[in-house]
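Asker: Got protein09.cif for you, mmCIF, C-alpha atoms and all ligand atoms:
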```cif
data_final
#
loop_
_atom_site.label_atom_id
_atom_site.label_comp_id
_atom_site.auth_asym_id
_atom_site.auth_seq_id
_atom_site.Cartn_x
_atom_site.Cartn_y
_atom_site.Cartn_z
CA MET A 246 -21.15 -14.09 -6.43
CA PRO A 247 -18.70 -11.72 -8.12
CA ASP A 248 -17.39 -8.54 -6.38
CA ILE A 249 -18.28 -8.69 -2.71
CA ALA A 250 -18.73 -6.06 -0.03
CA PHE A 251 -18.88 -6.49 3.70
CA ILE A 252 -20.32 -3.87 6.00
CA ASN A 253 -20.28 -4.30 9.77
CA GLY A 254 -20.52 -8.08 9.71
CA ARG A 255 -22.76 -8.54 6.66
CA PHE A 256 -21.77 -9.64 3.16
CA ILE A 257 -23.68 -8.03 0.31
CA PRO A 258 -23.20 -7.56 -3.43
CA TRP A 259 -20.66 -4.78 -3.98
CA GLN A 260 -23.09 -2.59 -5.95
CA ASP A 261 -25.58 -2.57 -3.05
CA ALA A 262 -23.09 -1.42 -0.40
CA THR A 263 -23.56 2.04 1.14
CA VAL A 264 -22.50 3.88 4.29
CA SER A 265 -24.03 6.87 6.06
CA ILE A 266 -23.19 10.41 4.94
CA ASP A 267 -22.53 11.12 8.63
CA ASP A 268 -19.77 8.55 8.69
CA ARG A 269 -16.54 10.16 9.91
CA GLY A 270 -14.65 8.37 7.19
CA PHE A 271 -16.64 10.40 4.67
CA GLN A 272 -16.72 13.64 6.70
CA PHE A 273 -13.13 13.80 7.92
CA GLY A 274 -11.18 10.94 6.39
CA ASP A 275 -11.19 9.66 9.99
CA ALA A 276 -10.35 6.11 9.02
CA VAL A 277 -7.62 3.58 8.33
CA TYR A 278 -7.32 0.95 5.63
CA GLU A 279 -5.39 -2.01 4.28
CA VAL A 280 -4.97 -3.63 0.89
CA ILE A 281 -4.21 -7.33 0.81
CA ARG A 282 -3.87 -9.57 -2.22
CA THR A 283 -4.26 -13.28 -2.72
CA TYR A 284 -2.12 -15.68 -4.70
CA ARG A 285 -4.18 -18.66 -5.85
CA GLY A 286 -6.87 -17.98 -3.30
CA THR A 287 -4.63 -17.48 -0.27
CA PRO A 288 -4.09 -14.00 1.24
CA PHE A 289 -0.39 -13.10 1.16
CA GLN A 290 1.21 -11.86 4.39
CA LEU A 291 -2.20 -11.64 6.02
CA GLY A 292 -0.76 -11.54 9.54
CA ALA A 293 1.48 -8.57 8.68
CA HIS A 294 -1.37 -6.65 7.03
CA LEU A 295 -3.73 -7.25 9.96
CA ALA A 296 -1.01 -6.23 12.41
CA ARG A 297 -0.48 -2.96 10.48
CA LEU A 298 -4.25 -2.36 10.37
CA GLU A 299 -4.47 -2.81 14.14
CA ARG A 300 -1.49 -0.53 14.67
CA SER A 301 -2.90 2.20 12.39
CA ALA A 302 -6.25 2.09 14.23
CA LYS A 303 -4.57 2.11 17.62
CA GLU A 304 -2.43 5.15 16.73
CA LEU A 305 -5.64 7.05 15.87
CA LEU A 306 -7.50 5.70 18.93
CA ILE A 307 -10.06 3.95 16.75
CA SER A 308 -11.34 0.92 18.61
CA ARG A 309 -10.60 -2.54 17.31
CA PRO A 310 -13.72 -4.08 15.80
CA TYR A 311 -12.52 -7.68 15.43
CA SER A 312 -9.78 -9.91 16.71
CA ARG A 313 -7.24 -11.21 14.23
CA ALA A 314 -8.89 -14.64 14.27
CA GLN A 315 -12.28 -13.07 13.50
CA TRP A 316 -10.77 -11.09 10.65
CA MET A 317 -9.31 -14.25 9.18
CA GLN A 318 -12.73 -15.90 9.30
CA TRP A 319 -14.44 -12.93 7.63
CA ILE A 320 -11.77 -12.74 4.93
CA ASN A 321 -11.89 -16.47 4.18
CA HIS A 322 -15.68 -16.37 4.08
CA GLY A 323 -15.58 -13.40 1.69
CA LEU A 324 -13.05 -15.10 -0.54
CA SER A 325 -15.19 -18.22 -0.77
CA LEU A 326 -18.22 -16.08 -1.71
CA ALA A 327 -16.29 -14.11 -4.32
CA GLY A 328 -14.54 -17.16 -5.69
CA TYR A 329 -11.57 -15.30 -7.18
CA GLN A 330 -8.15 -16.92 -7.16
CA GLU A 331 -6.39 -13.58 -7.57
CA ALA A 332 -8.25 -11.08 -5.42
CA LYS A 333 -7.70 -7.63 -3.98
CA ILE A 334 -9.08 -7.30 -0.48
CA TYR A 335 -9.67 -3.73 0.67
CA ILE A 336 -10.49 -3.09 4.33
CA GLN A 337 -11.47 0.24 5.84
CA ILE A 338 -12.26 1.00 9.48
CA THR A 339 -13.70 4.41 10.27
CA ARG A 340 -14.38 5.98 13.67
CA GLY A 341 -18.06 5.51 12.92
CA VAL A 342 -21.22 7.52 12.36
CA ALA A 343 -21.81 10.64 14.49
CA PRO A 344 -23.04 14.24 14.15
CA ARG A 345 -20.36 16.30 12.40
CA GLU A 346 -18.07 17.55 15.13
CA HIS A 347 -14.29 17.38 14.76
CA SER A 348 -13.52 16.04 18.24
CA PHE A 349 -14.28 12.38 18.93
CA PRO A 350 -17.96 11.57 19.49
CA SER A 351 -18.80 10.40 23.01
CA GLU A 352 -20.29 7.28 21.52
CA SER A 353 -19.57 5.66 18.21
CA ARG A 354 -19.05 2.21 16.82
CA PRO A 355 -16.41 1.81 14.10
CA THR A 356 -17.75 1.28 10.60
CA VAL A 357 -16.04 -1.70 9.03
CA VAL A 358 -16.05 -2.04 5.26
CA MET A 359 -14.35 -4.71 3.22
CA THR A 360 -14.50 -5.26 -0.52
CA ILE A 361 -13.19 -8.22 -2.46
CA LYS A 362 -12.58 -7.71 -6.15
CA GLU A 363 -10.76 -9.60 -8.82
CA LEU A 364 -7.13 -8.55 -9.11
CA HIS A 365 -5.72 -7.95 -12.57
CA GLY A 366 -1.94 -7.96 -12.30
CA LEU A 367 0.35 -5.62 -14.20
CA PRO A 368 1.16 -6.58 -17.79
CA THR A 369 4.23 -8.83 -18.09
CA GLU A 370 5.68 -6.41 -20.64
CA MET A 371 5.66 -3.61 -18.06
CA ARG A 372 7.62 -5.81 -15.67
CA GLN A 373 10.17 -6.58 -18.39
CA THR A 374 10.67 -3.04 -19.67
CA GLY A 375 10.34 -1.25 -16.33
CA VAL A 376 8.30 1.88 -15.66
CA THR A 377 8.79 5.63 -15.49
CA ALA A 378 8.32 8.00 -12.57
CA CYS A 379 8.35 11.66 -11.65
CA THR A 380 9.23 13.26 -8.35
CA CYS A 381 7.07 15.70 -6.45
CA GLU A 382 7.11 17.65 -3.24
CA ASP A 383 5.96 15.63 -0.24
CA LEU A 384 2.96 17.56 1.06
CA ARG A 385 1.80 14.81 3.43
CA TRP A 386 1.34 15.09 7.19
CA GLY A 387 3.84 13.89 9.79
CA ARG A 388 2.38 10.41 10.36
CA CYS A 389 2.77 8.66 7.03
CA ASP A 390 3.44 5.44 8.98
CA ILE A 391 -0.32 5.31 9.71
CA LYS A 392 -2.23 3.89 6.75
CA SER A 393 -5.01 6.45 6.92
CA VAL A 394 -7.52 7.19 4.18
CA ASN A 395 -6.38 10.84 4.22
CA LEU A 396 -4.68 10.52 0.85
CA LEU A 397 -5.08 13.98 -0.64
CA ALA A 398 -1.35 14.56 -1.17
CA ASN A 399 -1.12 11.09 -2.76
CA VAL A 400 -4.12 11.89 -4.97
CA LEU A 401 -2.47 15.13 -6.15
CA ALA A 402 0.84 13.35 -6.73
CA ARG A 403 -0.82 10.56 -8.72
CA GLU A 404 -2.56 13.19 -10.83
CA GLU A 405 0.82 14.84 -11.51
CA ALA A 406 2.12 11.43 -12.58
CA ARG A 407 -0.87 10.87 -14.85
CA LYS A 408 -0.40 14.27 -16.48
CA ALA A 409 3.32 13.60 -16.92
CA ARG A 410 2.40 10.21 -18.44
CA VAL A 411 4.56 8.32 -15.97
CA PHE A 412 3.70 5.34 -13.82
CA GLU A 413 4.43 6.56 -10.29
CA ALA A 414 5.07 9.78 -8.36
CA ILE A 415 7.93 9.72 -5.87
CA PHE A 416 7.71 11.99 -2.83
CA VAL A 417 10.80 14.07 -2.06
CA ARG A 418 11.10 15.98 1.21
CA GLU A 419 13.95 18.45 1.76
CA GLY A 420 15.96 16.83 -1.01
CA LEU A 421 15.46 13.28 0.31
CA VAL A 422 13.51 10.47 -1.33
CA MET A 423 10.69 9.22 0.89
CA GLU A 424 8.55 6.72 -1.03
CA GLY A 425 6.12 6.51 -3.93
CA ALA A 426 2.51 7.70 -3.79
CA LEU A 427 1.53 4.02 -3.59
CA SER A 428 4.83 2.20 -3.23
CA ASN A 429 8.14 2.09 -1.42
CA VAL A 430 11.23 3.10 -3.41
CA MET A 431 14.58 1.29 -3.43
CA ALA A 432 17.77 2.34 -5.16
CA VAL A 433 20.78 0.16 -5.92
CA GLN A 434 24.29 1.61 -5.94
CA ASP A 435 27.43 -0.52 -6.28
CA GLY A 436 25.48 -3.66 -5.40
CA VAL A 437 23.88 -2.21 -2.24
CA VAL A 438 20.09 -1.92 -1.93
CA MET A 439 19.16 1.34 -0.22
CA THR A 440 15.76 2.52 0.96
CA ALA A 441 14.42 5.21 3.27
CA PRO A 442 14.40 4.11 6.92
CA GLU A 443 11.14 3.32 8.69
CA GLY A 444 9.68 6.20 10.67
CA PRO A 445 6.84 8.71 10.57
CA ARG A 446 7.68 9.89 7.03
CA ILE A 447 7.00 6.61 5.21
CA LEU A 448 4.55 3.75 5.27
CA SER A 449 6.35 0.64 6.36
CA GLY A 450 5.38 -1.53 3.40
CA VAL A 451 4.67 -5.20 3.90
CA THR A 452 6.32 -5.85 0.53
CA ARG A 453 9.30 -3.68 1.57
CA THR A 454 9.97 -5.94 4.56
CA VAL A 455 9.68 -9.14 2.52
CA VAL A 456 11.91 -7.78 -0.27
CA LEU A 457 14.61 -6.61 2.16
CA ASP A 458 14.57 -10.11 3.70
CA LEU A 459 14.86 -11.68 0.25
CA ALA A 460 17.84 -9.43 -0.50
CA LYS A 461 19.56 -10.43 2.74
CA LYS A 462 19.00 -14.11 1.91
CA GLU A 463 20.68 -13.50 -1.45
CA ASP A 464 23.64 -11.89 0.33
CA ILE A 465 22.77 -8.57 -1.25
CA PRO A 466 23.73 -5.81 1.22
CA VAL A 467 20.85 -3.64 2.41
CA GLU A 468 21.07 -0.15 3.89
CA GLU A 469 18.01 1.54 5.33
CA ARG A 470 19.12 5.13 5.08
CA PRO A 471 18.12 8.44 3.52
CA ILE A 472 18.63 8.68 -0.25
CA SER A 473 19.18 12.10 -1.82
CA LEU A 474 17.45 13.01 -5.05
CA ASP A 475 20.84 13.18 -6.79
CA ALA A 476 21.66 9.67 -5.55
CA LEU A 477 18.32 8.47 -6.93
CA TYR A 478 19.03 9.94 -10.37
CA SER A 479 22.53 8.46 -10.46
CA ALA A 480 21.62 5.05 -9.00
CA ASP A 481 22.54 1.91 -10.96
CA GLU A 482 18.97 0.65 -10.46
CA VAL A 483 15.73 1.86 -8.93
CA PHE A 484 12.70 -0.25 -8.16
CA LEU A 485 9.32 0.06 -6.46
CA THR A 486 7.72 -2.38 -4.04
CA GLY A 487 4.06 -2.75 -3.15
CA THR A 488 1.31 -5.29 -2.65
CA THR A 489 0.08 -5.23 -6.23
CA LEU A 490 3.27 -3.87 -7.86
CA GLU A 491 5.46 -6.53 -6.23
CA VAL A 492 9.04 -5.69 -7.41
CA LEU A 493 8.90 -3.27 -10.32
CA GLY A 494 11.92 -1.71 -12.03
CA VAL A 495 12.01 2.05 -12.69
CA VAL A 496 14.01 3.03 -15.75
CA GLN A 497 13.36 6.75 -16.02
CA ILE A 498 12.74 9.45 -13.39
CA ASP A 499 11.93 13.07 -14.31
CA GLY A 500 13.04 12.25 -17.84
CA LYS A 501 16.49 11.03 -16.68
CA ILE A 502 17.49 7.50 -17.62
CA ILE A 503 18.31 5.29 -14.64
CA GLY A 504 21.30 2.95 -15.04
CA SER A 505 21.19 1.12 -18.36
CA GLY A 506 17.59 2.16 -19.01
CA GLN A 507 16.39 -1.36 -18.29
CA PRO A 508 15.54 -3.15 -15.02
CA GLY A 509 18.95 -4.07 -13.57
CA LEU A 510 20.35 -7.36 -12.32
CA ILE A 511 19.44 -6.92 -8.65
CA THR A 512 15.92 -5.77 -9.53
CA ARG A 513 15.49 -8.82 -11.78
CA THR A 514 16.96 -11.14 -9.16
CA LEU A 515 14.61 -9.87 -6.46
CA ALA A 516 11.61 -9.96 -8.83
CA ALA A 517 12.48 -13.59 -9.64
CA ARG A 518 12.80 -14.47 -5.95
CA TRP A 519 9.47 -12.76 -5.34
CA ALA A 520 7.87 -14.84 -8.09
CA LEU A 521 9.32 -18.03 -6.54
CA LEU A 522 7.98 -17.06 -3.12
CA THR A 523 4.47 -16.32 -4.34
CA GLY A 524 4.23 -18.57 -7.40
N1 LIG B 1 3.84 3.46 0.52
C1 LIG B 1 2.61 3.95 0.29
C2 LIG B 1 2.37 5.41 0.44
C3 LIG B 1 1.57 3.09 -0.07
O1 LIG B 1 0.33 3.57 -0.28
C4 LIG B 1 1.84 1.70 -0.22
C5 LIG B 1 0.79 0.78 -0.61
O2 LIG B 1 -0.33 1.11 -0.81
C6 LIG B 1 3.13 1.25 0.00
C7 LIG B 1 4.11 2.15 0.40
C8 LIG B 1 3.47 -0.20 -0.15
O3 LIG B 1 2.97 -0.93 0.96
P1 LIG B 1 2.66 -2.48 0.85
O4 LIG B 1 3.91 -3.13 0.40
O5 LIG B 1 2.28 -2.86 2.23
O6 LIG B 1 1.55 -2.64 -0.14
#
```
Before we go any further, please render this structure as structure tokens.

Answerer:
Amino acid sequence: MPDIAFINGRFIPWQDATVSIDDRGFQFGDAVYEVIRTYRGTPFQLGAHLARLERSAKELLISRPYSRAQWMQWINHGLSLAGYQEAKIYIQITRGVAPREHSFPSESRPTVVMTIKELHGLPTEMRQTGVTACTCEDLRWGRCDIKSVNLLANVLAREEARKARVFEAIFVREGLVMEGALSNVMAVQDGVVMTAPEGPRILSGVTRTVVLDLAKKEDIPVEERPISLDALYSADEVFLTGTTLEVLGVVQIDGKIIGSGQPGLITRTLAARWALLTG
């Protein structure tokens, strides 16, 4: 079977999958999600992704549909049905189906959707040359640490990026760099890797954690601290991290050239370590 969907415990072909129009995910964006990728058939950092999914649901008081062990079984089953070596696993848990009323329904069962599709990685050339970005005002709510499907501000930011013909939009709040619309942002200055600290204003990326650990193992100093927009523009290197982006150099932001205009040494070192870890 090719692309696979899973709805509430049942695997079906992706094109046949539907949910109710009364689902609160559809009505209110009352839902959380995760994106996990595989390398040669094995989900990467599955435990960390499932832990974040559980945490996101818990923060929104959405009940937990499956234990971690059950999730692992469903995911492995889905992967064997889909048969892809490089797959993108998307999971969404909504508060369920109920008459449209903002407050929680007295009774509802979470709707659980998972899709498994083939993952097409970024072109090698893009990794070698680096990508461009723009910055935009961070219009998001105060709980960006929850991976909720309420992504309107991200949608608008990505559209700005598309119109500006750049790869990613970087959210800036009160002059400080938060993260990308679908990535975490790291800047390198004088050999130190800097990135916004964890907290309610950013999503704590699974890739972010792994990359910071890789840096520490390489004896590259890491500082989790606020980065000003000026510091971003004048950084020696900037790179993005994310499940499908991995470690991706940024060479131009808002039309300003970053560093040498090519992915820098630390970016290349961390990208190479990432490739070793996952290859
Ligand atoms: N920040 C945002 C807003 C994201 O949407 C994502 C990924 O989708 C990330 C960061 C990177 O997170 P991860 O490394 O877990 O994919």

Asker: Which polymer residues have any atom within 12 Å of an atom of Pro368 of chain A, counting all atoms listed in the file, with same-chain residues fewer than 4 positions away left out, as a ChimeraX atom specification?

Answerer: /A:372-376,489-490,493

Asker: Given the selection you just returned, output its residues as a file containing C-alpha atoms, formatted as a compact mmCIF listing (two decimals), in the coordinates of the input.

Answerer:
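What landed in out_36.txt:
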```txt
# COMPACT_ATOMS: atom_id res chain seq x y z
CA ARG A 372 7.62 -5.81 -15.67
CA GLN A 373 10.17 -6.58 -18.39
CA THR A 374 10.67 -3.04 -19.67
CA GLY A 375 10.34 -1.25 -16.33
CA VAL A 376 8.30 1.88 -15.66
CA THR A 489 0.08 -5.23 -6.23
CA LEU A 490 3.27 -3.87 -7.86
CA LEU A 493 8.90 -3.27 -10.32
```

Asker: Nearest to Ile415 of chain A among A:Ala262, A:Val430, A:Leu522, A:Lys392, with distances taken over all atoms listed in the file: which residue is it?

Answerer: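 Ranked by minimum distance to Ile415 of chain A, first place goes to A:Val430.
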
Asker: Go through the chains and note each residue within 9 Å of ligand LIG 1 (chain B), using all atoms listed in the file, then give the set as a ChimeraX atom specification.

Answerer: /A:279-281,293-294,297,389-390,392,396,399,423-430,447-455,485-491

Asker: Applying 7 Å and all atoms listed in the file, which residues near Ile472 of chain A remain after dropping the ones on its own chain fewer than 4 positions away? List them as a PyMOL selection string.

Answerer: chain A and resi 421-422+440-441+476-477

Asker: Applying 8 Å and only C-alpha atoms, which residues near Val495 of chain A remain after dropping the ones on its own chain fewer than 5 positions away? List them as a ChimeraX atom specification.

Answerer: /A:375-378,482-485,503,507-508

Asker: Put those residues in a file: C-alpha atoms, as a PDB file, keeping the file's coordinate frame.

Answerer:
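For reference, part.pdb as written:
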```pdb
ATOM      1  CA  GLY A 375      10.340  -1.250 -16.330  1.00  0.00           C
ATOM      2  CA  VAL A 376       8.300   1.880 -15.660  1.00  0.00           C
ATOM      3  CA  THR A 377       8.790   5.630 -15.490  1.00  0.00           C
ATOM      4  CA  ALA A 378       8.320   8.000 -12.570  1.00  0.00           C
ATOM      5  CA  GLU A 482      18.970   0.650 -10.460  1.00  0.00           C
ATOM      6  CA  VAL A 483      15.730   1.860  -8.930  1.00  0.00           C
ATOM      7  CA  PHE A 484      12.700  -0.250  -8.160  1.00  0.00           C
ATOM      8  CA  LEU A 485       9.320   0.060  -6.460  1.00  0.00           C
ATOM      9  CA  ILE A 503      18.310   5.290 -14.640  1.00  0.00           C
ATOM     10  CA  GLN A 507      16.390  -1.360 -18.290  1.00  0.00           C
ATOM     11  CA  PRO A 508      15.540  -3.150 -15.020  1.00  0.00           C
TER      12      PRO A 508
END
```

Asker: Which one is closest to Thr360 of chain A: A:Pro471, A:Gly323, A:Gly341, A:Gly436? Count all atoms listed in the file.

Answerer: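 So, comparing all the options, the nearest one is A:Gly323.
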
Asker: Could you name the residues that touch segment 402-406 of chain A at 9 Å or less, counting all atoms listed in the file, but leaving out those on the same chain fewer than 2 positions away, as a PyMOL selection string?

Answerer: chain A and resi 378-383+397-400+408-416+426-427

Asker: How many Å lie between atom CA of Ala520 of chain A and atom CA of Tyr284 of chain A, rounded to one decimal?

Answerer: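 Between these atoms lies a distance of 10.6 Å.
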
Asker: Counting all atoms listed in the file, find residues at most 12 Å from (-13.3, 8.5, 8.5) (file frame) and give them as a PyMOL selection string.

Answerer: chain A and resi 264-278+302+305+307+337-343+345+347+349+353-358+393-396

Asker: Counting only C-alpha atoms, write as a list of chain:residue names all protein and nucleic acid residues lying at most 6 Å from (-7.4, -14.0, -7.9) in the file's frame.

Answerer: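 It turns out the residues near that spot are A:Tyr329, A:Gln330, A:Glu331, A:Ala332, A:Glu363, A:Leu364.
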
Asker: Next, the residues of the selection above should be written as a compact mmCIF listing (two decimals), in the coordinates of the input with C-alpha atoms.

Answerer:
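The result, stored in selection_24.txt:
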```txt
# COMPACT_ATOMS: atom_id res chain seq x y z
CA TYR A 329 -11.57 -15.30 -7.18
CA GLN A 330 -8.15 -16.92 -7.16
CA GLU A 331 -6.39 -13.58 -7.57
CA ALA A 332 -8.25 -11.08 -5.42
CA GLU A 363 -10.76 -9.60 -8.82
CA LEU A 364 -7.13 -8.55 -9.11
```

Asker: If you measure from atom CA of Leu474 of chain A to atom CA of Ser301 of chain A, what distance in Å do you get, rounded to one decimal?

Answerer: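 Those two atoms sit 28.9 Å apart.
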
Asker: What are the centre and edge lengths in Å, to one decimal, of the axis-aligned box around all listed atoms of segment 473-488 of chain A with 6 Å added on each side, as AutoDock Vina command-line options?

Answerer:
```
--center_x 11.9 --center_y 3.9 --center_z -6.4 --size_x 33.2 --size_y 30.5 --size_z 21.1
```

Asker: Point out the residue among A:Ile336, A:Ile361, A:Leu295, A:Leu326 with the least atom-to-atom distance to Asn253 of chain A, counting all atoms listed in the file.

Answerer: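 When distances to Asn253 of chain A are compared using all atoms listed in the file, the smallest one comes from A:Ile336.
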
Asker: What's the separation between atom CA of Leu521 of chain A and atom CA of Gln434 of chain A, in Å to one decimal place?

Answerer: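 Calculated distance between atom CA of Leu521 of chain A and atom CA of Gln434 of chain A is 24.7 Å.
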
Asker: Between A:Met359, A:Leu401, A:Ala432, A:Leu324, which one has atoms that come closest to Thr287 of chain A, using all atoms listed in the file?

Answerer: A:Leu324

Asker: For Ser325 of chain A, which residue among A:Asp475, A:Met431, A:Gly286, A:His365 is the nearest when counting all atoms listed in the file?

Answerer: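 The shortest atom-to-atom distance to Ser325 of chain A comes from A:Gly286.
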
Asker: Which residues, written as a ChimeraX atom specification, have at least one atom at most 7 Å from Met439 of chain A, with all atoms listed in the file counted and residues fewer than 5 positions away on the same chain left out?

Answerer: /A:431-433,467-470

Asker: From the set A:His322, A:Arg282, A:Arg446, A:Lys333, which residue has the shortest atom-to-atom contact distance to Phe256 of chain A, counting all atoms listed in the file?

Answerer: A:His322
